[in-house]
Amino acid sequence: MHIIHKGAHLKFIYWFIRIILFLIVLTFSVRNTEAVVIRWLPGLEVQMPLVVALLLAFILGVLCALFIVSPSWMRAKRSSGQAQKALVRLEKTHAEYIEQYPASRQNATLSTQPPVLSVGPTHGI
């Protein structure tokens with residue numbers, strides 16, 4: 001009897017898709033090796049295989065996208081760090097409060113369950 005882990009099917013699907021994409025790109029690159037002339041400015045032109053030109057264009061596009069997105073990534077990372085520090089401070093304050101007022105321990109438990117929202121004709125929407 002074989003025991004298959006929960007994520008094994010997804011890993012198989014991801015690898016299958018990766019192999020298919022690799023084969024498509026490989027076939028494309030083997031079939032398109034003709035030389036093309038890339039003209040940038042007057043007097044500036046370069047001759048290279050079509051696959052290399054497309055690869056360079058793809059890499060340039062990825063670099064431009066990273067350059068454009070990086071400021072928002074940095075803001076999000078900074079905001080996440082500030083939120084983590086605030087959480088640590090709140091947890092410390094909560095622990096100090098519980099130590100200071102032991103009678104409130106029964107009422108100070110944090111719920112790990114999400115609130116139950118009413119759904120149906122009485123939900124008010």
# chains A, B, ... in the order shown; residues from 1 in each chain; ligands from 1

$ residues_around --residues "Leu55 of chain A" --least-positions-apart "5" --cutoff "12 Å" --atoms "only C-alpha atoms" --output "PDB file with C-alpha atoms, in the first residue's frame"
ATOM      1  CA  VAL A  25      11.311  26.759 -25.315  1.00  0.00           C
ATOM      2  CA  PHE A  28      11.577  27.174 -30.310  1.00  0.00           C
ATOM      3  CA  SER A  29      15.262  27.884 -29.762  1.00  0.00           C
ATOM      4  CA  MET A  48      22.856  37.881 -33.422  1.00  0.00           C
ATOM      5  CA  PRO A  49      20.719  34.740 -33.472  1.00  0.00           C
ATOM      6  CA  LEU A  50      16.986  35.354 -33.000  1.00  0.00           C
ATOM      7  CA  LEU A  60      15.800  43.339 -20.026  1.00  0.00           C
ATOM      8  CA  GLY A  61      12.046  43.196 -19.401  1.00  0.00           C
ATOM      9  CA  VAL A  62      12.534  41.294 -16.145  1.00  0.00           C
TER      10      VAL A  62
END

$ select_by_dssp --residues "segment 32-87 of chain A" --states "strand (DSSP E or B)" --output "VMD selection string"
chain A and resid 35 to 41 44 to 49

$ write_last_selection --atoms "N, CA and C atoms" --output "compact mmCIF listing (two decimals), in the first residue's frame"
# COMPACT_ATOMS: atom_id res chain seq x y z
N ALA A 35 20.15 34.41 -38.02
CA ALA A 35 20.72 35.67 -37.55
C ALA A 35 19.76 36.81 -37.89
N VAL A 36 19.61 37.71 -36.95
CA VAL A 36 18.79 38.92 -37.16
C VAL A 36 19.66 40.12 -36.85
N VAL A 37 19.30 41.25 -37.44
CA VAL A 37 20.03 42.49 -37.21
C VAL A 37 19.18 43.34 -36.29
N ILE A 38 19.76 43.73 -35.16
CA ILE A 38 19.09 44.60 -34.21
C ILE A 38 19.62 46.01 -34.43
N ARG A 39 18.76 46.91 -34.84
CA ARG A 39 19.15 48.31 -35.08
C ARG A 39 18.65 49.15 -33.92
N TRP A 40 19.57 49.80 -33.24
CA TRP A 40 19.21 50.61 -32.07
C TRP A 40 19.20 52.08 -32.43
N LEU A 41 20.33 52.63 -32.71
CA LEU A 41 20.48 54.03 -33.13
C LEU A 41 21.11 54.05 -34.51
N LEU A 44 24.30 52.12 -35.21
CA LEU A 44 24.52 51.11 -34.17
C LEU A 44 23.60 49.93 -34.43
N GLU A 45 24.19 48.88 -34.97
CA GLU A 45 23.42 47.66 -35.20
C GLU A 45 24.26 46.44 -34.84
N VAL A 46 23.56 45.43 -34.38
CA VAL A 46 24.22 44.21 -33.92
C VAL A 46 23.53 43.03 -34.61
N GLN A 47 24.33 42.06 -35.02
CA GLN A 47 23.77 40.86 -35.62
C GLN A 47 23.94 39.71 -34.63
N MET A 48 22.83 39.01 -34.37
CA MET A 48 22.86 37.88 -33.42
C MET A 48 21.73 36.91 -33.77
N PRO A 49 21.81 35.69 -33.24
CA PRO A 49 20.72 34.74 -33.47
C PRO A 49 19.41 35.25 -32.84
